[in-house]
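Undergrad: Got a structure for you, run_12.tsv, holding TSV, C-alpha atoms.
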```tsv
chain	number	residue	atom	x	y	z
A	1	MET	CA	0.00	0.00	0.00
A	2	LEU	CA	2.85	2.34	0.85
A	3	VAL	CA	4.63	2.05	-2.50
A	4	ASN	CA	1.35	2.17	-4.42
A	5	SER	CA	0.37	5.35	-2.60
A	6	VAL	CA	3.68	6.97	-3.47
A	7	ILE	CA	3.18	6.18	-7.17
A	8	ILE	CA	-0.50	7.19	-7.32
A	9	VAL	CA	-0.03	10.53	-5.62
A	10	LEU	CA	3.21	11.22	-7.51
A	11	ARG	CA	1.49	10.60	-10.84
A	12	GLU	CA	-1.31	13.01	-9.99
A	13	VAL	CA	0.92	15.68	-8.47
A	14	LEU	CA	3.74	15.68	-11.05
A	15	GLU	CA	1.91	17.37	-13.91
A	16	ALA	CA	0.62	20.22	-11.76
A	17	ALA	CA	3.93	20.55	-9.87
A	18	LEU	CA	5.85	20.99	-13.12
A	19	MET	CA	3.46	23.68	-14.29
A	20	ILE	CA	3.57	25.51	-10.96
A	21	GLY	CA	7.39	25.34	-10.98
A	22	ILE	CA	7.54	26.88	-14.46
A	23	LEU	CA	4.99	29.61	-13.63
A	24	LEU	CA	6.74	30.52	-10.37
A	25	ALA	CA	10.01	30.84	-12.28
A	26	VAL	CA	8.27	33.12	-14.77
A	27	ALA	CA	6.99	35.15	-11.84
A	28	ARG	CA	10.58	35.69	-10.72
A	29	HIS	CA	11.53	37.20	-14.06
A	30	VAL	CA	8.28	38.96	-14.87
A	31	PRO	CA	6.82	40.77	-11.86
A	32	THR	CA	3.38	39.39	-11.07
A	33	GLY	CA	3.21	39.76	-7.33
A	34	ARG	CA	2.59	36.84	-5.01
A	35	ARG	CA	-1.12	37.10	-4.50
A	36	TRP	CA	-2.07	35.01	-7.53
A	37	LEU	CA	-0.46	31.91	-6.00
A	38	LEU	CA	-2.41	32.33	-2.77
A	39	VAL	CA	-5.66	32.83	-4.66
A	40	ALA	CA	-4.89	29.85	-6.90
A	41	THR	CA	-4.07	27.60	-3.93
A	42	VAL	CA	-7.28	28.46	-2.11
A	43	LEU	CA	-9.39	27.96	-5.27
A	44	ALA	CA	-7.55	24.75	-6.16
A	45	LEU	CA	-7.96	23.11	-2.75
A	46	GLY	CA	-11.57	24.21	-2.45
A	47	GLY	CA	-12.28	23.07	-5.98
A	48	ALA	CA	-10.57	19.71	-5.49
A	49	ALA	CA	-12.50	19.03	-2.29
A	50	ALA	CA	-15.83	20.08	-3.82
A	51	TYR	CA	-15.23	18.02	-6.96
A	52	ALA	CA	-14.16	14.98	-4.96
A	53	ARG	CA	-17.22	15.19	-2.74
A	54	ASN	CA	-19.57	15.44	-5.72
A	55	LEU	CA	-17.81	13.09	-8.12
A	56	ALA	CA	-20.48	10.39	-8.00
A	57	THR	CA	-23.15	12.98	-8.88
A	58	VAL	CA	-21.00	14.52	-11.62
A	59	SER	CA	-20.27	11.07	-13.08
A	60	ALA	CA	-23.94	10.22	-13.35
A	61	THR	CA	-24.76	13.29	-15.47
A	62	PHE	CA	-24.78	13.35	-19.29
A	63	GLY	CA	-25.58	9.67	-19.57
A	64	GLY	CA	-22.76	8.60	-17.27
A	65	VAL	CA	-19.96	10.60	-18.86
A	66	GLY	CA	-20.17	13.79	-16.78
A	67	GLN	CA	-16.76	13.08	-15.25
A	68	GLU	CA	-15.09	12.97	-18.68
A	69	LEU	CA	-16.86	16.16	-19.79
A	70	LEU	CA	-15.96	18.13	-16.67
A	71	ASN	CA	-12.34	16.94	-16.79
A	72	ALA	CA	-12.11	17.80	-20.48
A	73	ALA	CA	-13.53	21.25	-19.72
A	74	LEU	CA	-10.98	21.75	-16.93
A	75	HIS	CA	-8.15	20.71	-19.26
A	76	LEU	CA	-9.35	23.09	-21.96
A	77	GLY	CA	-9.66	25.82	-19.34
A	78	VAL	CA	-6.02	25.29	-18.36
A	79	PHE	CA	-5.11	25.40	-22.04
A	80	ALA	CA	-6.92	28.72	-22.58
A	81	ALA	CA	-5.28	30.20	-19.47
A	82	LEU	CA	-1.85	29.09	-20.72
A	83	VAL	CA	-2.45	30.80	-24.08
A	84	VAL	CA	-3.03	34.06	-22.19
A	85	VAL	CA	0.00	33.45	-19.92
A	86	VAL	CA	2.33	32.84	-22.88
A	87	PHE	CA	1.00	35.88	-24.74
A	88	HIS	CA	1.98	38.05	-21.78
A	89	ILE	CA	5.30	36.33	-21.08
A	90	ALA	CA	6.39	36.97	-24.67
A	91	ARG	CA	5.81	40.72	-24.38
A	92	ARG	CA	9.09	42.52	-24.68
A	93	HIS	CA	8.99	45.22	-22.06
A	94	GLY	CA	10.09	44.45	-18.55
A	95	ASP	CA	7.10	45.74	-16.65
A	96	VAL	CA	4.42	43.39	-17.93
A	97	GLY	CA	3.25	42.67	-14.43
A	98	GLU	CA	2.80	46.28	-13.44
A	99	ARG	CA	0.88	47.10	-16.56
A	100	SER	CA	-1.31	44.04	-16.65
A	101	ARG	CA	-3.32	42.19	-14.10
A	102	VAL	CA	-4.18	39.66	-16.75
A	103	LEU	CA	-0.97	37.63	-16.41
A	104	PRO	CA	-1.29	36.84	-12.68
A	105	ALA	CA	-5.00	36.18	-13.14
A	106	ALA	CA	-4.34	33.74	-15.99
A	107	MET	CA	-1.61	32.04	-13.94
A	108	ALA	CA	-4.04	31.66	-11.05
A	109	VAL	CA	-6.70	30.16	-13.32
A	110	ALA	CA	-4.23	27.69	-14.89
A	111	VAL	CA	-2.95	26.49	-11.51
A	112	ALA	CA	-6.38	26.41	-9.87
A	113	LEU	CA	-8.01	24.35	-12.64
A	114	ALA	CA	-5.05	21.97	-13.02
A	115	VAL	CA	-4.74	21.33	-9.30
A	116	ALA	CA	-8.50	21.07	-8.76
A	117	GLN	CA	-8.71	18.22	-11.26
A	118	GLU	CA	-5.62	16.28	-10.22
A	119	GLY	CA	-6.17	17.14	-6.56
A	120	SER	CA	-9.70	15.75	-6.56
A	121	GLU	CA	-8.36	12.31	-7.47
A	122	VAL	CA	-5.78	12.44	-4.69
A	123	PHE	CA	-8.51	13.61	-2.34
A	124	ILE	CA	-10.78	10.71	-3.33
A	125	TYR	CA	-7.97	8.19	-3.02
A	126	VAL	CA	-6.68	9.39	0.34
A	127	SER	CA	-10.09	9.95	1.93
A	128	GLY	CA	-11.34	6.61	0.57
A	129	PHE	CA	-8.52	4.52	1.94
A	130	LEU	CA	-7.87	6.39	5.19
A	131	GLN	CA	-11.10	4.85	6.43
A	132	VAL	CA	-9.71	1.36	5.97
A	133	GLU	CA	-7.70	0.86	9.13
A	134	GLU	CA	-5.11	-1.53	7.70
A	135	PHE	CA	-4.29	0.91	4.89
A	136	ALA	CA	-4.37	4.18	6.82
A	137	SER	CA	-0.71	4.54	7.78
A	138	GLY	CA	0.60	3.30	4.43
A	139	VAL	CA	-1.66	5.69	2.53
A	140	THR	CA	-0.69	8.62	4.74
A	141	LEU	CA	3.07	8.06	4.51
A	142	GLY	CA	2.97	7.09	0.85
A	143	SER	CA	0.89	10.11	-0.12
A	144	ILE	CA	3.19	12.51	1.70
A	145	ALA	CA	6.21	10.90	0.04
A	146	GLY	CA	4.57	10.94	-3.41
A	147	ALA	CA	3.54	14.58	-3.08
A	148	GLY	CA	7.01	15.43	-1.77
A	149	ILE	CA	8.76	13.80	-4.75
A	150	GLY	CA	6.35	15.45	-7.19
A	151	PHE	CA	6.83	18.92	-5.78
A	152	SER	CA	10.61	18.35	-5.60
A	153	VAL	CA	10.65	17.83	-9.36
A	154	GLY	CA	8.68	21.08	-9.68
A	155	VAL	CA	11.24	22.85	-7.48
A	156	LEU	CA	14.04	21.41	-9.63
A	157	PHE	CA	12.45	22.90	-12.75
A	158	TYR	CA	11.94	26.17	-10.92
A	159	TYR	CA	15.63	26.53	-10.01
A	160	ALA	CA	16.79	25.32	-13.42
A	161	LEU	CA	14.72	28.11	-15.00
A	162	VAL	CA	15.51	30.80	-12.46
A	163	SER	CA	19.24	30.22	-12.89
A	164	GLN	CA	18.97	31.10	-16.59
A	165	PRO	CA	19.35	34.68	-17.83
A	166	GLU	CA	15.98	36.41	-18.08
A	167	GLY	CA	15.52	36.37	-21.86
A	168	ARG	CA	16.41	32.70	-22.16
A	169	ALA	CA	14.31	31.72	-19.16
A	170	ARG	CA	11.26	33.32	-20.78
A	171	TRP	CA	11.66	31.39	-24.00
A	172	ILE	CA	12.36	28.10	-22.28
A	173	ALA	CA	9.24	28.74	-20.21
A	174	VAL	CA	7.24	29.39	-23.37
A	175	ILE	CA	8.40	26.11	-24.92
A	176	LEU	CA	7.72	24.13	-21.74
A	177	LEU	CA	4.28	25.73	-21.41
A	178	ALA	CA	3.58	24.92	-25.07
A	179	PHE	CA	4.18	21.25	-24.24
A	180	ALA	CA	2.03	21.52	-21.12
A	181	ALA	CA	-0.76	23.16	-23.12
A	182	ALA	CA	-0.57	20.59	-25.91
A	183	ASN	CA	-0.75	17.96	-23.17
A	184	MET	CA	-4.01	19.53	-21.96
A	185	CYS	CA	-5.38	19.38	-25.53
A	186	ILE	CA	-4.55	15.72	-26.09
A	187	GLN	CA	-5.95	14.74	-22.68
A	188	ALA	CA	-9.17	16.67	-23.29
A	189	THR	CA	-9.50	15.01	-26.70
A	190	ASN	CA	-8.91	11.59	-25.21
A	191	LEU	CA	-11.55	12.22	-22.53
A	192	LEU	CA	-14.11	13.31	-25.14
A	193	ILE	CA	-13.35	10.14	-27.13
A	194	GLN	CA	-13.81	8.09	-23.94
A	195	ALA	CA	-17.17	9.82	-23.44
A	196	ASP	CA	-18.10	9.04	-27.07
A	197	TRP	CA	-18.47	12.75	-27.80
A	198	LEU	CA	-15.65	12.55	-30.32
A	199	PRO	CA	-15.16	9.65	-32.73
A	200	SER	CA	-12.58	7.06	-31.80
A	201	ALA	CA	-10.22	5.80	-34.44
A	202	ALA	CA	-7.31	3.43	-34.86
A	203	ALA	CA	-3.97	4.51	-33.44
A	204	LEU	CA	-1.80	6.48	-35.84
A	205	TRP	CA	1.29	4.74	-34.53
A	206	ASP	CA	2.35	2.49	-31.66
A	207	SER	CA	5.57	3.49	-29.92
A	208	SER	CA	4.88	1.40	-26.81
A	209	THR	CA	7.66	-1.06	-27.65
A	210	LEU	CA	10.06	1.89	-27.96
A	211	LEU	CA	8.84	3.66	-24.84
A	212	ALA	CA	5.97	2.20	-22.84
A	213	GLU	CA	3.73	4.65	-20.99
A	214	ASP	CA	4.02	2.71	-17.72
A	215	THR	CA	7.81	3.11	-17.48
A	216	LEU	CA	9.37	5.81	-15.33
A	217	LEU	CA	10.50	7.81	-18.37
A	218	GLY	CA	7.14	7.26	-20.05
A	219	GLN	CA	5.34	8.63	-16.99
A	220	LEU	CA	7.66	11.62	-16.72
A	221	LEU	CA	7.19	12.44	-20.40
A	222	TYR	CA	3.43	11.93	-20.02
A	223	ALA	CA	3.37	14.54	-17.25
A	224	LEU	CA	5.75	16.95	-18.97
A	225	VAL	CA	4.84	16.78	-22.65
A	226	GLY	CA	1.75	14.57	-22.77
A	227	TYR	CA	3.47	11.50	-24.19
A	228	GLU	CA	0.99	9.05	-25.68
A	229	ALA	CA	2.22	5.74	-27.14
A	230	THR	CA	-0.84	5.05	-29.29
A	231	PRO	CA	-2.48	8.32	-30.33
A	232	SER	CA	-5.23	8.50	-32.93
A	233	ALA	CA	-4.99	11.02	-35.76
A	234	LEU	CA	-7.46	13.28	-33.95
A	235	GLU	CA	-5.42	13.24	-30.75
A	236	ALA	CA	-2.15	13.89	-32.58
A	237	GLY	CA	-3.83	16.67	-34.56
A	238	MET	CA	-5.22	18.34	-31.43
A	239	TYR	CA	-1.81	18.08	-29.79
A	240	GLY	CA	-0.17	19.80	-32.76
A	241	THR	CA	-2.89	22.44	-32.89
A	242	GLY	CA	-2.52	23.21	-29.19
A	243	PHE	CA	1.24	23.50	-29.50
A	244	ALA	CA	0.94	25.74	-32.56
A	245	LEU	CA	-1.63	28.02	-30.88
A	246	ILE	CA	0.74	28.59	-27.94
A	247	LEU	CA	3.61	29.48	-30.27
A	248	LEU	CA	1.24	31.78	-32.15
A	249	ALA	CA	0.29	33.48	-28.87
A	250	ALA	CA	3.99	33.93	-28.09
A	251	VAL	CA	4.70	35.48	-31.49
A	252	ALA	CA	1.62	37.70	-31.19
A	253	GLY	CA	2.72	38.95	-27.76
A	254	TRP	CA	6.22	39.55	-29.09
A	255	GLN	CA	5.03	41.45	-32.15
A	256	LEU	CA	2.20	43.46	-30.64
A	257	PHE	CA	4.19	45.01	-27.84
A	258	PRO	CA	7.41	46.52	-29.15
A	259	VAL	CA	9.62	48.31	-26.65
A	260	ASP	CA	10.37	51.98	-27.11
A	261	GLY	CA	14.07	52.45	-27.52
A	262	ALA	CA	14.98	49.08	-26.03
A	263	GLU	CA	16.71	46.32	-27.90
A	264	ALA	CA	14.23	44.14	-29.77
B	1	MET	CA	-30.56	16.68	-68.70
B	2	MET	CA	-32.79	14.65	-66.44
B	3	ASP	CA	-30.06	12.12	-65.96
B	4	ARG	CA	-27.62	14.71	-64.81
B	5	LYS	CA	-30.06	15.98	-62.23
B	6	ARG	CA	-30.94	12.53	-61.09
B	7	THR	CA	-27.43	11.33	-60.32
B	8	PRO	CA	-26.84	13.75	-57.44
B	9	ARG	CA	-30.28	12.92	-56.04
B	10	ILE	CA	-29.59	9.23	-56.04
B	11	LEU	CA	-26.21	9.96	-54.52
B	12	ALA	CA	-27.85	12.07	-51.83
B	13	ALA	CA	-30.35	9.34	-51.10
B	14	VAL	CA	-27.60	6.75	-50.81
B	15	CYS	CA	-25.65	9.07	-48.52
B	16	ALA	CA	-28.71	9.65	-46.36
B	17	MET	CA	-29.37	5.94	-46.04
B	18	TRP	CA	-25.74	5.40	-45.26
B	19	ALA	CA	-25.90	8.07	-42.55
B	20	ILE	CA	-29.08	6.60	-41.05
B	21	ALA	CA	-27.54	3.14	-41.09
B	22	GLY	CA	-24.46	4.62	-39.47
B	23	THR	CA	-26.36	6.31	-36.66
B	24	THR	CA	-28.42	3.25	-35.86
B	25	VAL	CA	-25.25	1.23	-35.54
B	26	GLN	CA	-23.80	3.99	-33.38
B	27	ALA	CA	-26.92	4.37	-31.27
B	28	ALA	CA	-26.61	0.96	-29.69
B	29	PRO	CA	-23.07	-0.15	-29.06
B	30	PRO	CA	-23.02	-3.60	-27.41
B	31	GLU	CA	-22.79	-3.40	-23.61
B	32	PHE	CA	-20.44	-5.37	-21.38
B	33	GLU	CA	-20.30	-5.42	-17.59
B	34	ILE	CA	-17.43	-5.78	-15.18
B	35	GLU	CA	-17.77	-5.70	-11.40
B	36	ILE	CA	-15.23	-4.75	-8.78
B	37	ARG	CA	-15.43	-6.85	-5.59
B	38	ASN	CA	-12.78	-6.93	-2.88
B	39	HIS	CA	-10.44	-5.00	-5.18
B	40	LEU	CA	-10.73	-7.66	-7.89
B	41	PHE	CA	-12.31	-7.42	-11.33
B	42	GLU	CA	-15.09	-9.90	-12.13
B	43	PRO	CA	-14.63	-11.11	-14.79
B	44	ASP	CA	-10.96	-10.31	-15.11
B	45	GLU	CA	-10.99	-11.32	-18.76
B	46	LEU	CA	-13.58	-9.90	-21.09
B	47	THR	CA	-13.83	-10.75	-24.77
B	48	ILE	CA	-15.25	-8.11	-27.08
B	49	PRO	CA	-15.69	-8.10	-30.88
B	50	ALA	CA	-13.01	-6.53	-33.05
B	51	ASN	CA	-13.53	-3.22	-34.82
B	52	THR	CA	-16.64	-2.45	-32.78
B	53	LYS	CA	-17.29	0.30	-30.32
B	54	VAL	CA	-18.55	-1.13	-27.04
B	55	LYS	CA	-20.03	0.37	-23.90
B	56	LEU	CA	-18.24	-0.94	-20.86
B	57	ILE	CA	-20.13	-0.68	-17.57
B	58	VAL	CA	-17.91	-1.03	-14.52
B	59	ILE	CA	-19.76	-1.50	-11.25
B	60	ASN	CA	-17.79	-0.87	-8.09
B	61	ARG	CA	-19.31	-3.08	-5.34
B	62	ASP	CA	-16.58	-2.10	-2.87
B	63	PRO	CA	-17.11	0.74	-0.39
B	64	THR	CA	-13.74	2.21	-1.43
B	65	PRO	CA	-13.15	4.18	-4.64
B	66	GLU	CA	-11.31	2.72	-7.62
B	67	GLU	CA	-9.80	4.11	-10.76
B	68	PHE	CA	-10.22	2.05	-13.90
B	69	GLU	CA	-7.08	2.57	-15.92
B	70	SER	CA	-5.48	1.18	-19.05
B	71	PHE	CA	-2.46	2.49	-20.90
B	72	GLU	CA	-3.22	0.24	-23.86
B	73	LEU	CA	-6.82	1.43	-24.13
B	74	ASN	CA	-5.98	5.04	-23.22
B	75	ARG	CA	-8.70	4.99	-20.61
B	76	GLU	CA	-8.84	6.39	-17.08
B	77	LYS	CA	-11.88	6.88	-14.87
B	78	VAL	CA	-12.52	7.22	-11.15
B	79	ILE	CA	-15.39	5.07	-9.85
B	80	MET	CA	-16.64	5.91	-6.37
B	81	GLY	CA	-17.47	3.13	-3.92
B	82	GLY	CA	-20.91	1.65	-4.60
B	83	SER	CA	-21.35	3.35	-7.96
B	84	LYS	CA	-20.98	2.48	-11.61
B	85	ALA	CA	-19.12	4.00	-14.53
B	86	ILE	CA	-19.67	3.99	-18.24
B	87	ILE	CA	-16.58	3.84	-20.44
B	88	PHE	CA	-16.66	3.66	-24.22
B	89	ILE	CA	-13.88	1.61	-25.80
B	90	GLY	CA	-12.97	0.62	-29.32
B	91	PRO	CA	-13.30	0.07	-32.20
B	92	LEU	CA	-10.10	-1.90	-31.70
B	93	PRO	CA	-8.02	-4.30	-33.75
B	94	PRO	CA	-7.75	-7.86	-32.34
B	95	GLY	CA	-5.36	-8.23	-29.43
B	96	GLU	CA	-5.04	-8.11	-25.67
B	97	TYR	CA	-5.51	-4.88	-23.76
B	98	PRO	CA	-4.64	-5.05	-20.05
B	99	PHE	CA	-6.38	-2.80	-17.56
B	100	PHE	CA	-5.98	-2.30	-13.81
B	101	GLY	CA	-7.43	-0.55	-10.81
B	102	GLU	CA	-5.00	2.23	-10.08
B	103	PHE	CA	-5.94	2.40	-6.41
B	104	ASN	CA	-5.31	-1.35	-5.94
B	105	PRO	CA	-2.80	-2.19	-8.65
B	106	ASP	CA	-1.58	-5.39	-6.96
B	107	THR	CA	-4.93	-7.16	-7.05
B	108	ALA	CA	-7.22	-5.31	-9.43
B	109	LEU	CA	-5.89	-6.63	-12.74
B	110	GLY	CA	-7.68	-7.66	-15.88
B	111	LYS	CA	-7.62	-7.63	-19.63
B	112	ILE	CA	-9.90	-7.03	-22.55
B	113	ILE	CA	-9.48	-9.57	-25.31
B	114	VAL	CA	-10.50	-8.22	-28.66
B	115	SER	CA	-11.39	-11.13	-30.88
B	116	ASP	CA	-12.05	-11.42	-34.58
B	117	ALA	CA	-14.41	-14.32	-34.02
B	118	ASP	CA	-17.90	-13.13	-33.13
B	119	ALA	CA	-17.54	-12.98	-29.38
B	120	ARG	CA	-20.22	-12.89	-26.74
```
Let me see whether you can do it: turn the structure in this file into C-alpha cells.

TA:
Amino acid sequence: MLVNSVIIVLREVLEAALMIGILLAVARHVPTGRRWLLVATVLALGGAAAYARNLATVSATFGGVGQELLNAALHLGVFAALVVVVFHIARRHGDVGERSRVLPAAMAVAVALAVAQEGSEVFIYVSGFLQVEEFASGVTLGSIAGAGIGFSVGVLFYYALVSQPEGRARWIAVILLAFAAANMCIQATNLLIQADWLPSAAALWDSSTLLAEDTLLGQLLYALVGYEATPSALEAGMYGTGFALILLAAVAGWQLFPVDGAEA
Amino acid sequence: MMDRKRTPRILAAVCAMWAIAGTTVQAAPPEFEIEIRNHLFEPDELTIPANTKVKLIVINRDPTPEEFESFELNREKVIMGGSKAIIFIGPLPPGEYPFFGEFNPDTALGKIIVSDADAR
C-alpha cells in the first residue's frame, strides 16, 4: 500500500507541480506579485474538495460521462489560461506585471483548474482509503512521500529556470508551457473520445515497444509533454494544434508590444 | 438533362441511407459489464468483438473508490465506492488490452481480449 500510494499521488501531483514550478520561475523574471499563487491555492484546494465530494453525482450526469466532460472542460480551461499566460510572457517590455493584471490572473486560473482536477483524485484516493484501518498509515506516509517527490521535481524545474538569464528563461518557459498546453489538448480530446463525444479511431502509430507509458520515463514524459504511445490522428492533430496556438500566442505577444528604444 | 439531375439525387439518397444506417449502428453499441469486488475485477478477462465500439459498464461493489485505468486502451476513470461507470472503448483491432485498478494495482488486474471471431 505504501509504495502504491507513493506512485499514485506522484502521478497526480507531477503534472501540476511541473506547471507551478515553471509559472513561479516566470513570476521571478516577470513581476506578477505573489497574491495570484495564494488565490490559486485556495481555489484549487476548495475546488478539489468540492469536486471529490460530488464526483459520483457529476459522473452520473450526461448519460454517465459527466466526469469525462468536466475533466475535459478543466483541461481546456487550463489550455486557454496558458495561451493568455504565454501571450503576456512573450511581451518585450520588462514591466508586464505592473501594466497588466491579466498575467497573474491567468496564472491563477491555470494552476487552480489543473490542481483542482488532479487534486480531486488524490482527495478521493486518500479519503477513501484512510477509512480502511489496515491501509491508513501506508496511505498517509505514501501520499506525503509521493507529493514530496512530485513537488521536488517542480522545485528542480523552478531553479533550473531561475538560474537562466531572463531572456532565455522566458523562451524556455514558453516552450515548456507549449508542451504543457498541448498535453491539456490531447488529454481533453482523449476524454471526449472516452465519453463518445468525439469519434474514436485506430492509433496512428504504436511506440509502446520503444517507450511504454508505464515506465518511469514514459510517466515523466506523459506529465511533462503529454506523451501518448498510441495516439489517434485526432489526438495527434489536437496536440499539434494546441502547441501551434501557444507558439502563435507567443509570437503575437512579441510582435504586438514593441519596446520603445529598447533592444528588440 | 434529367439524368444529370438525377445522379446527385440518387447519390444524396444513398448518402442519407448510409448516414441513417451509421447512426443506428452507433446508437446501440453492445454493452459489457465488469464488477469490482474486494479490489478484484469480475470477470478479469472480457472478450469483445473486433472493430466495434462497445459500452463498458464497470460497477464498483466495494465501499472504497477505484480508478479504472489502461495504458493500452488510453482509458482512465474514477469510480466511487458503490457506484458504476460507463466507459466507451474501441473500435479496436484484435489483441489483448490489459487494464488495472489504479488504487489497488496489486490485485485489481484484468484484460480485454478483442477477438475477430464473433464474441459474446

Undergrad: Just checking: using only C-alpha atoms, which residue out of A:Ala147, A:Leu234, A:Ala116, A:Ala203 ends up closest to Thr189 of chain A?

TA: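 Smallest distance to Thr189 of chain A is found for A:Leu234.
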
Undergrad: Can you build me a table of chain A residues sitting at most 9 Å from chain B, with the closest atom pair per residue and its distance in Å to one decimal, using all atoms listed in the file, sorted by chain and residue number, as JSON lines?

TA:
```
{"residue": "A:Met1", "atom": "CA", "partner": "B:Asn104", "partner_atom": "CA", "distance": 8.1}
{"residue": "A:Asn4", "atom": "CA", "partner": "B:Pro105", "partner_atom": "CA", "distance": 7.4}
{"residue": "A:Ser5", "atom": "CA", "partner": "B:Phe103", "partner_atom": "CA", "distance": 7.9}
{"residue": "A:Ile8", "atom": "CA", "partner": "B:Glu102", "partner_atom": "CA", "distance": 7.2}
{"residue": "A:Leu55", "atom": "CA", "partner": "B:Met80", "partner_atom": "CA", "distance": 7.5}
{"residue": "A:Ala56", "atom": "CA", "partner": "B:Met80", "partner_atom": "CA", "distance": 6.1}
{"residue": "A:Ser59", "atom": "CA", "partner": "B:Ala85", "partner_atom": "CA", "distance": 7.3}
{"residue": "A:Ala60", "atom": "CA", "partner": "B:Ala85", "partner_atom": "CA", "distance": 8.0}
{"residue": "A:Gly63", "atom": "CA", "partner": "B:Ile86", "partner_atom": "CA", "distance": 8.3}
{"residue": "A:Gly64", "atom": "CA", "partner": "B:Ile86", "partner_atom": "CA", "distance": 5.6}
{"residue": "A:Val65", "atom": "CA", "partner": "B:Ile86", "partner_atom": "CA", "distance": 6.6}
{"residue": "A:Gln67", "atom": "CA", "partner": "B:Lys77", "partner_atom": "CA", "distance": 7.9}
{"residue": "A:Glu68", "atom": "CA", "partner": "B:Lys77", "partner_atom": "CA", "distance": 7.9}
{"residue": "A:Glu121", "atom": "CA", "partner": "B:Val78", "partner_atom": "CA", "distance": 7.5}
{"residue": "A:Ile124", "atom": "CA", "partner": "B:Pro65", "partner_atom": "CA", "distance": 7.1}
{"residue": "A:Tyr125", "atom": "CA", "partner": "B:Pro65", "partner_atom": "CA", "distance": 6.7}
{"residue": "A:Gly128", "atom": "CA", "partner": "B:Thr64", "partner_atom": "CA", "distance": 5.4}
{"residue": "A:Phe129", "atom": "CA", "partner": "B:Thr64", "partner_atom": "CA", "distance": 6.6}
{"residue": "A:Gln131", "atom": "CA", "partner": "B:Thr64", "partner_atom": "CA", "distance": 8.7}
{"residue": "A:Val132", "atom": "CA", "partner": "B:Thr64", "partner_atom": "CA", "distance": 8.5}
{"residue": "A:Asn190", "atom": "CA", "partner": "B:Asn74", "partner_atom": "CA", "distance": 7.4}
{"residue": "A:Leu191", "atom": "CA", "partner": "B:Arg75", "partner_atom": "CA", "distance": 8.0}
{"residue": "A:Ile193", "atom": "CA", "partner": "B:Phe88", "partner_atom": "CA", "distance": 7.8}
{"residue": "A:Gln194", "atom": "CA", "partner": "B:Phe88", "partner_atom": "CA", "distance": 5.3}
{"residue": "A:Ala195", "atom": "CA", "partner": "B:Phe88", "partner_atom": "CA", "distance": 6.2}
{"residue": "A:Asp196", "atom": "CA", "partner": "B:Phe88", "partner_atom": "CA", "distance": 6.3}
{"residue": "A:Ser200", "atom": "CA", "partner": "B:Gly90", "partner_atom": "CA", "distance": 6.9}
{"residue": "A:Ala201", "atom": "CA", "partner": "B:Pro91", "partner_atom": "CA", "distance": 6.9}
{"residue": "A:Ala202", "atom": "CA", "partner": "B:Leu92", "partner_atom": "CA", "distance": 6.8}
{"residue": "A:Ser208", "atom": "CA", "partner": "B:Glu72", "partner_atom": "CA", "distance": 8.7}
{"residue": "A:Ala212", "atom": "CA", "partner": "B:Phe71", "partner_atom": "CA", "distance": 8.7}
{"residue": "A:Glu213", "atom": "CA", "partner": "B:Phe71", "partner_atom": "CA", "distance": 6.6}
{"residue": "A:Asp214", "atom": "CA", "partner": "B:Phe71", "partner_atom": "CA", "distance": 7.2}
{"residue": "A:Glu228", "atom": "CA", "partner": "B:Asn74", "partner_atom": "CA", "distance": 8.4}
{"residue": "A:Ala229", "atom": "CA", "partner": "B:Glu72", "partner_atom": "CA", "distance": 8.4}
{"residue": "A:Thr230", "atom": "CA", "partner": "B:Glu72", "partner_atom": "CA", "distance": 7.6}
{"residue": "A:Pro231", "atom": "CA", "partner": "B:Asn74", "partner_atom": "CA", "distance": 8.6}
```

Undergrad: Excluding Ile22 of chain A and its own-chain neighbours fewer than 3 positions away, which residues fall within 7 Å of it when counting all atoms listed in the file? Please give them as a PyMOL selection string.

TA: chain A and resi 18-19+25-26+157-158+173

Undergrad: So how many Å separate atom CA of Gly66 of chain A and atom CA of Ser120 of chain A, to one decimal?

TA: 14.8 Å

Undergrad: List as an MDAnalysis selection string the protein and nucleic acid residues near segment 36-38 of chain B, meaning an atom at most 9 Å away when only C-alpha atoms are counted, but skip any in the same chain fewer than 2 places from it.

TA: chainID B and resid 34 40:43 58:62 66 107:108

Undergrad: By how many Å are atom CA of Leu210 of chain A and atom CA of Ala236 of chain A apart?

TA: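 Atom-to-atom, atom CA of Leu210 of chain A and atom CA of Ala236 of chain A are spaced 17.7 Å apart.
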